[in-house]
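Colleague: Structure file upload-v5.cif, mmCIF, C-alpha atoms, is pasted below:
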```cif
data_query
#
loop_
_atom_site.group_PDB
_atom_site.id
_atom_site.type_symbol
_atom_site.label_atom_id
_atom_site.label_comp_id
_atom_site.auth_asym_id
_atom_site.auth_seq_id
_atom_site.Cartn_x
_atom_site.Cartn_y
_atom_site.Cartn_z
ATOM 1 C CA MET A 1 -106.023 86.300 110.866
ATOM 2 C CA VAL A 2 -107.796 83.097 109.873
ATOM 3 C CA TRP A 3 -110.818 82.182 111.976
ATOM 4 C CA ALA A 4 -110.847 78.394 112.217
ATOM 5 C CA LEU A 5 -113.575 76.425 113.900
ATOM 6 C CA PRO A 6 -112.381 73.892 116.471
ATOM 7 C CA ASP A 7 -111.438 70.467 115.204
ATOM 8 C CA PRO A 8 -114.132 68.072 116.476
ATOM 9 C CA LEU A 9 -111.448 65.478 117.151
ATOM 10 C CA GLU A 10 -109.227 67.724 119.285
ATOM 11 C CA PRO A 11 -109.324 67.255 123.058
ATOM 12 C CA ARG A 12 -111.776 69.638 124.642
ATOM 13 C CA GLY A 13 -110.430 72.026 127.196
ATOM 14 C CA VAL A 14 -110.920 75.375 128.863
ATOM 15 C CA ARG A 15 -108.470 78.112 127.986
ATOM 16 C CA VAL A 16 -107.575 80.484 130.820
ATOM 17 C CA ALA A 17 -106.244 83.938 129.991
ATOM 18 C CA VAL A 18 -102.819 84.699 131.496
ATOM 19 C CA SER A 19 -101.175 88.103 131.187
ATOM 20 C CA ILE A 20 -97.517 87.887 130.149
ATOM 21 C CA PRO A 21 -95.066 90.658 129.191
ATOM 22 C CA ALA A 22 -95.677 89.985 125.469
ATOM 23 C CA GLY A 23 -99.472 90.249 125.849
ATOM 24 C CA LEU A 24 -101.910 87.444 126.519
ATOM 25 C CA ILE A 25 -101.634 83.679 126.327
ATOM 26 C CA THR A 26 -104.369 81.165 127.033
ATOM 27 C CA PRO A 27 -103.078 77.851 128.360
ATOM 28 C CA ILE A 28 -105.549 74.976 128.276
ATOM 29 C CA ILE A 29 -106.870 72.851 131.095
ATOM 30 C CA VAL A 30 -107.764 69.679 129.213
ATOM 31 C CA GLY A 31 -110.635 67.668 130.671
ATOM 32 C CA ALA A 32 -111.557 70.330 133.237
ATOM 33 C CA ASP A 33 -115.060 68.866 133.394
ATOM 34 C CA THR A 34 -113.651 65.675 134.918
ATOM 35 C CA LYS A 35 -111.275 67.311 137.431
ATOM 36 C CA SER A 36 -111.817 68.508 140.986
ATOM 37 C CA VAL A 37 -111.713 72.218 141.789
ATOM 38 C CA SER A 38 -108.427 71.722 143.676
ATOM 39 C CA ALA A 39 -106.883 69.816 140.741
ATOM 40 C CA ILE A 40 -107.915 72.596 138.347
ATOM 41 C CA SER A 41 -106.476 75.213 140.705
ATOM 42 C CA THR A 42 -103.160 73.368 141.005
ATOM 43 C CA GLU A 43 -102.909 72.866 137.249
ATOM 44 C CA MET A 44 -103.814 76.493 136.521
ATOM 45 C CA LYS A 45 -101.175 77.812 138.929
ATOM 46 C CA ASP A 46 -98.563 75.640 137.230
ATOM 47 C CA LEU A 47 -99.638 76.690 133.728
ATOM 48 C CA ALA A 48 -99.740 80.404 134.671
ATOM 49 C CA SER A 49 -96.307 80.234 136.283
ATOM 50 C CA ARG A 50 -94.753 78.495 133.283
ATOM 51 C CA ALA A 51 -96.554 80.888 130.893
ATOM 52 C CA LYS A 52 -94.967 83.882 132.639
ATOM 53 C CA GLU A 53 -91.575 82.182 132.404
ATOM 54 C CA GLY A 54 -92.091 81.443 128.684
ATOM 55 C CA LYS A 55 -91.882 77.687 129.296
ATOM 56 C CA LEU A 56 -95.198 76.464 127.877
ATOM 57 C CA GLN A 57 -95.129 73.966 125.034
ATOM 58 C CA PRO A 58 -97.435 74.590 122.021
ATOM 59 C CA PRO A 59 -99.888 71.775 122.914
ATOM 60 C CA GLU A 60 -100.431 73.523 126.260
ATOM 61 C CA TYR A 61 -101.843 76.682 124.622
ATOM 62 C CA GLN A 62 -103.043 75.677 121.156
ATOM 63 C CA GLY A 63 -106.628 74.517 120.703
ATOM 64 C CA GLY A 64 -109.340 74.613 123.319
ATOM 65 C CA THR A 65 -112.988 75.475 122.844
ATOM 66 C CA ALA A 66 -113.848 78.006 125.540
ATOM 67 C CA SER A 67 -111.845 80.630 127.430
ATOM 68 C CA LEU A 68 -112.053 82.160 130.879
ATOM 69 C CA SER A 69 -110.861 85.681 131.660
ATOM 70 C CA ASN A 70 -110.668 86.864 135.284
ATOM 71 C CA MET A 71 -110.164 90.576 135.858
ATOM 72 C CA GLY A 72 -111.879 90.278 139.208
ATOM 73 C CA MET A 73 -108.529 89.600 140.835
ATOM 74 C CA TYR A 74 -107.623 93.188 139.864
ATOM 75 C CA GLY A 75 -110.815 94.593 141.413
ATOM 76 C CA VAL A 76 -112.564 95.125 138.066
ATOM 77 C CA GLU A 77 -116.322 94.879 138.684
ATOM 78 C CA SER A 78 -117.445 94.640 135.055
ATOM 79 C CA PHE A 79 -115.783 94.137 131.672
ATOM 80 C CA THR A 80 -116.324 92.616 128.268
ATOM 81 C CA ALA A 81 -114.009 89.776 127.312
ATOM 82 C CA ILE A 82 -113.146 89.200 123.660
ATOM 83 C CA ILE A 83 -113.090 85.717 122.141
ATOM 84 C CA ASN A 84 -109.568 84.484 121.479
ATOM 85 C CA PRO A 85 -109.750 82.121 118.444
ATOM 86 C CA PRO A 86 -109.877 79.182 118.091
ATOM 87 C CA SER A 87 -112.140 79.328 121.153
ATOM 88 C CA VAL A 88 -115.793 79.887 120.363
ATOM 89 C CA SER A 89 -116.801 81.311 123.770
ATOM 90 C CA ILE A 90 -115.295 83.318 126.620
ATOM 91 C CA VAL A 91 -116.538 83.866 130.152
ATOM 92 C CA ALA A 92 -115.613 87.138 131.865
ATOM 93 C CA VAL A 93 -115.269 86.896 135.662
ATOM 94 C CA SER A 94 -115.474 90.205 137.516
ATOM 95 C CA ALA A 95 -114.714 91.099 141.136
ATOM 96 C CA VAL A 96 -117.095 90.178 143.927
ATOM 97 C CA GLY A 97 -118.825 93.277 145.243
ATOM 98 C CA ARG A 98 -121.132 93.944 148.185
ATOM 99 C CA ARG A 99 -124.631 95.187 147.347
ATOM 100 C CA PRO A 100 -127.839 95.727 149.340
ATOM 101 C CA ASP A 101 -130.512 93.096 148.716
ATOM 102 C CA PHE A 102 -133.742 91.908 150.351
ATOM 103 C CA ASP A 103 -134.176 88.713 152.351
ATOM 104 C CA ALA A 104 -137.370 86.613 152.477
ATOM 105 C CA THR A 105 -138.921 88.982 155.046
ATOM 106 C CA GLY A 106 -138.210 92.097 152.985
ATOM 107 C CA ALA A 107 -135.382 93.312 155.220
ATOM 108 C CA VAL A 108 -132.371 94.887 153.536
ATOM 109 C CA VAL A 109 -129.296 92.662 153.871
ATOM 110 C CA PRO A 110 -125.797 92.826 152.355
ATOM 111 C CA ARG A 111 -125.083 90.320 149.576
ATOM 112 C CA SER A 112 -121.945 89.335 147.743
ATOM 113 C CA VAL A 113 -122.471 89.739 143.996
ATOM 114 C CA LEU A 114 -120.311 88.311 141.229
ATOM 115 C CA LYS A 115 -120.832 89.423 137.632
ATOM 116 C CA LEU A 116 -120.206 86.820 134.946
ATOM 117 C CA THR A 117 -120.732 87.445 131.269
ATOM 118 C CA VAL A 118 -120.264 85.141 128.324
ATOM 119 C CA GLY A 119 -119.520 86.041 124.743
ATOM 120 C CA SER A 120 -119.766 83.511 121.951
ATOM 121 C CA ASP A 121 -119.448 83.129 118.237
ATOM 122 C CA HIS A 122 -123.096 82.612 117.360
ATOM 123 C CA ARG A 123 -122.104 80.797 114.202
ATOM 124 C CA VAL A 124 -121.112 77.951 116.522
ATOM 125 C CA VAL A 125 -122.862 78.472 119.887
ATOM 126 C CA ASN A 126 -126.546 79.232 120.395
ATOM 127 C CA GLY A 127 -127.284 82.029 122.886
ATOM 128 C CA ALA A 128 -129.709 79.780 124.761
ATOM 129 C CA GLU A 129 -126.789 77.412 125.475
ATOM 130 C CA ASN A 130 -124.943 80.347 127.045
ATOM 131 C CA ALA A 131 -127.942 81.119 129.251
ATOM 132 C CA ARG A 132 -128.192 77.494 130.428
ATOM 133 C CA TYR A 133 -124.446 77.408 131.089
ATOM 134 C CA LEU A 134 -124.504 80.586 133.200
ATOM 135 C CA ALA A 135 -127.586 79.339 135.069
ATOM 136 C CA GLU A 136 -125.676 76.171 135.992
ATOM 137 C CA VAL A 137 -122.608 78.166 137.066
ATOM 138 C CA LYS A 138 -124.868 80.345 139.226
ATOM 139 C CA ARG A 139 -126.476 77.271 140.795
ATOM 140 C CA LEU A 140 -123.087 75.751 141.613
ATOM 141 C CA LEU A 141 -121.667 78.988 143.036
ATOM 142 C CA GLU A 142 -124.740 79.457 145.219
ATOM 143 C CA HIS A 143 -124.399 75.846 146.463
ATOM 144 C CA PRO A 144 -120.618 75.234 146.503
ATOM 145 C CA LEU A 145 -120.884 71.824 148.170
ATOM 146 C CA LEU A 146 -122.230 70.584 144.821
ATOM 147 C CA LEU A 147 -118.751 71.204 143.409
ATOM 148 C CA THR A 148 -117.323 68.513 145.675
ATOM 149 C CA VAL A 149 -119.524 65.650 144.472
#
```
Kindly present the structure from the file in structure tokens form.

Modeller:
Amino acid sequence: MVWALPDPLEPRGVRVAVSIPAGLITPIIVGADTKSVSAISTEMKDLASRAKEGKLQPPEYQGGTASLSNMGMYGVESFTAIINPPSVSIVAVSAVGRRPDFDATGAVVPRSVLKLTVGSDHRVVNGAENARYLAEVKRLLEHPLLLTV
């Protein structure tokens, strides 16, 4: 397998892992950073459906710079995702679990906890960038109204 770095002129997009009978395919949501959450959801459902039917065209799954793998929908609470070249990073999304936590007064309260991990090719992505990215994802998930503006 040849490991090629992304072409700087290619459109940037997020690859989303979809399980198909032949293995795994990662269709791309181009320009996800400019789309609403509902638009991304609609596009992803369409891409996943067509991927399972074998109807994706090569430009819909070739390229991309980062991938997203969600095993949380299967109840998996923790896993390590593997980078799928030519992506240089992958975010692993696990299932939401309930855990005891402490509120501001010190009382034990139930909290919903989501584990996210990110793996990157450190020849291309600095680990500090990963930390800043996950901190921003955390901030947005803890304040979901920010996703609507």

Colleague: Near region 58-65 of chain A, within 7 Å and counting all atoms listed in the file, which residues show up once chain neighbours fewer than 5 positions away are dropped, as a PyMOL selection string?

Modeller: chain A and resi 6+12-15+26-28+86-88

Colleague: Kindly save the residues from that selection, with C-alpha atoms included, as an mmCIF file, in the frame of the given file.

Modeller:
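Contents of the output file part-v9.cif:
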```cif
data_model
loop_
_atom_site.group_PDB
_atom_site.id
_atom_site.type_symbol
_atom_site.label_atom_id
_atom_site.label_comp_id
_atom_site.auth_asym_id
_atom_site.auth_seq_id
_atom_site.Cartn_x
_atom_site.Cartn_y
_atom_site.Cartn_z
ATOM 1 C CA PRO A 6 -112.381 73.892 116.471
ATOM 2 C CA ARG A 12 -111.776 69.638 124.642
ATOM 3 C CA GLY A 13 -110.430 72.026 127.196
ATOM 4 C CA VAL A 14 -110.920 75.375 128.863
ATOM 5 C CA ARG A 15 -108.470 78.112 127.986
ATOM 6 C CA THR A 26 -104.369 81.165 127.033
ATOM 7 C CA PRO A 27 -103.078 77.851 128.360
ATOM 8 C CA ILE A 28 -105.549 74.976 128.276
ATOM 9 C CA PRO A 86 -109.877 79.182 118.091
ATOM 10 C CA SER A 87 -112.140 79.328 121.153
ATOM 11 C CA VAL A 88 -115.793 79.887 120.363
#
```

Colleague: What would the selection look like, as number ranges by chain, if the PyMOL selection byres ((chain A and resi 53) around 12) were run on the coordinates I just shared?

Modeller: A: 18-22, 25, 46-52, 54-57

Colleague: Looking at A:Leu116, A:Ala39, A:Val16, A:Ile83, which one is nearest to Thr148 (chain A), with distances taken over only C-alpha atoms?

Modeller: A:Ala39

Colleague: Counting all atoms listed in the file, figure out which residue out of A:Thr105, A:Asn126, A:Ser94, A:Ser120 gets nearest to Ser67 (chain A).

Modeller: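 Checking each of A:Thr105, A:Asn126, A:Ser94, A:Ser120 against Ser67 (chain A), counting all atoms listed in the file, the winner is A:Ser120.
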
Colleague: Which centre and which edge lengths, in Å to one decimal, describe the axis-aligned box that holds all listed atoms of region 96-108 of chain A after 5 Å is added on each side, as JSON?

Modeller:
```
{"center_x": -128.0, "center_y": 91.2, "center_z": 149.6, "size_x": 31.8, "size_y": 19.1, "size_z": 21.3}
```

Colleague: Which residues would end up in the selection if the PyMOL selection byres ((chain A and resi 91) around 8) were applied here, given that I need the answer as a JSON list (two decimals) with C-alpha atoms, in the frame of the given file?

Modeller:
```json
[["chain", "number", "residue", "atom", "x", "y", "z"],
["A", 66, "ALA", "CA", -113.85, 78.01, 125.54],
["A", 67, "SER", "CA", -111.84, 80.63, 127.43],
["A", 68, "LEU", "CA", -112.05, 82.16, 130.88],
["A", 69, "SER", "CA", -110.86, 85.68, 131.66],
["A", 81, "ALA", "CA", -114.01, 89.78, 127.31],
["A", 89, "SER", "CA", -116.80, 81.31, 123.77],
["A", 90, "ILE", "CA", -115.30, 83.32, 126.62],
["A", 92, "ALA", "CA", -115.61, 87.14, 131.86],
["A", 93, "VAL", "CA", -115.27, 86.90, 135.66],
["A", 116, "LEU", "CA", -120.21, 86.82, 134.95],
["A", 117, "THR", "CA", -120.73, 87.44, 131.27],
["A", 118, "VAL", "CA", -120.26, 85.14, 128.32],
["A", 119, "GLY", "CA", -119.52, 86.04, 124.74]]
```

Colleague: Please complete region 100-125 of chain A so it has N, CA, C and O atoms, and hand it over as a PDB file, keeping the file's coordinate frame.

Modeller:
```
ATOM      1  N   PRO A 100    -126.643  95.958 148.514  1.00  0.00           N
ATOM      2  CA  PRO A 100    -127.839  95.727 149.340  1.00  0.00           C
ATOM      3  C   PRO A 100    -128.834  94.852 148.568  1.00  0.00           C
ATOM      4  O   PRO A 100    -128.964  94.962 147.353  1.00  0.00           O
ATOM      5  N   ASP A 101    -129.511  93.973 149.302  1.00  0.00           N
ATOM      6  CA  ASP A 101    -130.512  93.096 148.716  1.00  0.00           C
ATOM      7  C   ASP A 101    -131.607  92.891 149.762  1.00  0.00           C
ATOM      8  O   ASP A 101    -131.501  93.401 150.875  1.00  0.00           O
ATOM      9  N   PHE A 102    -132.647  92.172 149.422  1.00  0.00           N
ATOM     10  CA  PHE A 102    -133.742  91.908 150.351  1.00  0.00           C
ATOM     11  C   PHE A 102    -133.786  90.430 150.683  1.00  0.00           C
ATOM     12  O   PHE A 102    -133.635  89.591 149.794  1.00  0.00           O
ATOM     13  N   ASP A 103    -134.000  90.113 151.970  1.00  0.00           N
ATOM     14  CA  ASP A 103    -134.176  88.713 152.351  1.00  0.00           C
ATOM     15  C   ASP A 103    -135.646  88.330 152.200  1.00  0.00           C
ATOM     16  O   ASP A 103    -136.465  89.124 151.707  1.00  0.00           O
ATOM     17  N   ALA A 104    -136.007  87.124 152.640  1.00  0.00           N
ATOM     18  CA  ALA A 104    -137.370  86.613 152.477  1.00  0.00           C
ATOM     19  C   ALA A 104    -138.402  87.450 153.227  1.00  0.00           C
ATOM     20  O   ALA A 104    -139.577  87.480 152.843  1.00  0.00           O
ATOM     21  N   THR A 105    -137.977  88.158 154.271  1.00  0.00           N
ATOM     22  CA  THR A 105    -138.921  88.982 155.046  1.00  0.00           C
ATOM     23  C   THR A 105    -139.024  90.405 154.518  1.00  0.00           C
ATOM     24  O   THR A 105    -139.800  91.203 155.034  1.00  0.00           O
ATOM     25  N   GLY A 106    -138.208  90.752 153.538  1.00  0.00           N
ATOM     26  CA  GLY A 106    -138.210  92.097 152.985  1.00  0.00           C
ATOM     27  C   GLY A 106    -137.192  93.020 153.624  1.00  0.00           C
ATOM     28  O   GLY A 106    -137.086  94.188 153.242  1.00  0.00           O
ATOM     29  N   ALA A 107    -136.414  92.500 154.569  1.00  0.00           N
ATOM     30  CA  ALA A 107    -135.382  93.312 155.220  1.00  0.00           C
ATOM     31  C   ALA A 107    -134.181  93.475 154.289  1.00  0.00           C
ATOM     32  O   ALA A 107    -133.829  92.558 153.535  1.00  0.00           O
ATOM     33  N   VAL A 108    -133.565  94.634 154.341  1.00  0.00           N
ATOM     34  CA  VAL A 108    -132.371  94.887 153.536  1.00  0.00           C
ATOM     35  C   VAL A 108    -131.177  94.182 154.191  1.00  0.00           C
ATOM     36  O   VAL A 108    -130.937  94.334 155.388  1.00  0.00           O
ATOM     37  N   VAL A 109    -130.466  93.389 153.386  1.00  0.00           N
ATOM     38  CA  VAL A 109    -129.296  92.662 153.871  1.00  0.00           C
ATOM     39  C   VAL A 109    -128.161  92.811 152.846  1.00  0.00           C
ATOM     40  O   VAL A 109    -128.416  92.976 151.657  1.00  0.00           O
ATOM     41  N   PRO A 110    -126.903  92.767 153.315  1.00  0.00           N
ATOM     42  CA  PRO A 110    -125.797  92.826 152.355  1.00  0.00           C
ATOM     43  C   PRO A 110    -125.632  91.485 151.647  1.00  0.00           C
ATOM     44  O   PRO A 110    -125.814  90.433 152.249  1.00  0.00           O
ATOM     45  N   ARG A 111    -125.324  91.533 150.365  1.00  0.00           N
ATOM     46  CA  ARG A 111    -125.083  90.320 149.576  1.00  0.00           C
ATOM     47  C   ARG A 111    -123.782  90.476 148.806  1.00  0.00           C
ATOM     48  O   ARG A 111    -123.432  91.571 148.365  1.00  0.00           O
ATOM     49  N   SER A 112    -123.110  89.362 148.625  1.00  0.00           N
ATOM     50  CA  SER A 112    -121.945  89.335 147.743  1.00  0.00           C
ATOM     51  C   SER A 112    -122.455  89.054 146.333  1.00  0.00           C
ATOM     52  O   SER A 112    -123.238  88.123 146.125  1.00  0.00           O
ATOM     53  N   VAL A 113    -122.006  89.862 145.372  1.00  0.00           N
ATOM     54  CA  VAL A 113    -122.471  89.739 143.996  1.00  0.00           C
ATOM     55  C   VAL A 113    -121.268  89.575 143.073  1.00  0.00           C
ATOM     56  O   VAL A 113    -120.295  90.331 143.157  1.00  0.00           O
ATOM     57  N   LEU A 114    -121.352  88.575 142.215  1.00  0.00           N
ATOM     58  CA  LEU A 114    -120.311  88.311 141.229  1.00  0.00           C
ATOM     59  C   LEU A 114    -120.932  88.444 139.852  1.00  0.00           C
ATOM     60  O   LEU A 114    -121.946  87.804 139.561  1.00  0.00           O
ATOM     61  N   LYS A 115    -120.336  89.279 139.004  1.00  0.00           N
ATOM     62  CA  LYS A 115    -120.832  89.423 137.632  1.00  0.00           C
ATOM     63  C   LYS A 115    -120.045  88.497 136.721  1.00  0.00           C
ATOM     64  O   LYS A 115    -118.812  88.518 136.695  1.00  0.00           O
ATOM     65  N   LEU A 116    -120.776  87.680 135.979  1.00  0.00           N
ATOM     66  CA  LEU A 116    -120.206  86.820 134.946  1.00  0.00           C
ATOM     67  C   LEU A 116    -120.905  87.163 133.640  1.00  0.00           C
ATOM     68  O   LEU A 116    -122.124  87.330 133.617  1.00  0.00           O
ATOM     69  N   THR A 117    -120.135  87.281 132.588  1.00  0.00           N
ATOM     70  CA  THR A 117    -120.732  87.445 131.269  1.00  0.00           C
ATOM     71  C   THR A 117    -120.093  86.429 130.342  1.00  0.00           C
ATOM     72  O   THR A 117    -118.979  85.962 130.585  1.00  0.00           O
ATOM     73  N   VAL A 118    -120.809  86.086 129.294  1.00  0.00           N
ATOM     74  CA  VAL A 118    -120.264  85.141 128.324  1.00  0.00           C
ATOM     75  C   VAL A 118    -120.484  85.714 126.929  1.00  0.00           C
ATOM     76  O   VAL A 118    -121.543  86.254 126.627  1.00  0.00           O
ATOM     77  N   GLY A 119    -119.439  85.643 126.137  1.00  0.00           N
ATOM     78  CA  GLY A 119    -119.520  86.041 124.743  1.00  0.00           C
ATOM     79  C   GLY A 119    -119.208  84.833 123.884  1.00  0.00           C
ATOM     80  O   GLY A 119    -118.344  84.034 124.229  1.00  0.00           O
ATOM     81  N   SER A 120    -119.955  84.678 122.807  1.00  0.00           N
ATOM     82  CA  SER A 120    -119.766  83.511 121.951  1.00  0.00           C
ATOM     83  C   SER A 120    -119.884  83.871 120.489  1.00  0.00           C
ATOM     84  O   SER A 120    -120.542  84.846 120.130  1.00  0.00           O
ATOM     85  N   ASP A 121    -119.281  83.042 119.677  1.00  0.00           N
ATOM     86  CA  ASP A 121    -119.448  83.129 118.237  1.00  0.00           C
ATOM     87  C   ASP A 121    -120.760  82.415 117.924  1.00  0.00           C
ATOM     88  O   ASP A 121    -120.860  81.197 118.040  1.00  0.00           O
ATOM     89  N   HIS A 122    -121.772  83.188 117.568  1.00  0.00           N
ATOM     90  CA  HIS A 122    -123.096  82.612 117.360  1.00  0.00           C
ATOM     91  C   HIS A 122    -123.190  81.788 116.081  1.00  0.00           C
ATOM     92  O   HIS A 122    -124.225  81.174 115.821  1.00  0.00           O
ATOM     93  N   ARG A 123    -122.120  81.730 115.332  1.00  0.00           N
ATOM     94  CA  ARG A 123    -122.104  80.797 114.202  1.00  0.00           C
ATOM     95  C   ARG A 123    -121.913  79.377 114.719  1.00  0.00           C
ATOM     96  O   ARG A 123    -122.185  78.410 114.016  1.00  0.00           O
ATOM     97  N   VAL A 124    -121.426  79.258 115.949  1.00  0.00           N
ATOM     98  CA  VAL A 124    -121.112  77.951 116.522  1.00  0.00           C
ATOM     99  C   VAL A 124    -121.946  77.648 117.761  1.00  0.00           C
ATOM    100  O   VAL A 124    -122.357  76.521 117.986  1.00  0.00           O
ATOM    101  N   VAL A 125    -122.191  78.664 118.599  1.00  0.00           N
ATOM    102  CA  VAL A 125    -122.862  78.472 119.887  1.00  0.00           C
ATOM    103  C   VAL A 125    -124.165  79.266 119.912  1.00  0.00           C
ATOM    104  O   VAL A 125    -124.168  80.457 119.637  1.00  0.00           O
TER     105      VAL A 125
END
```
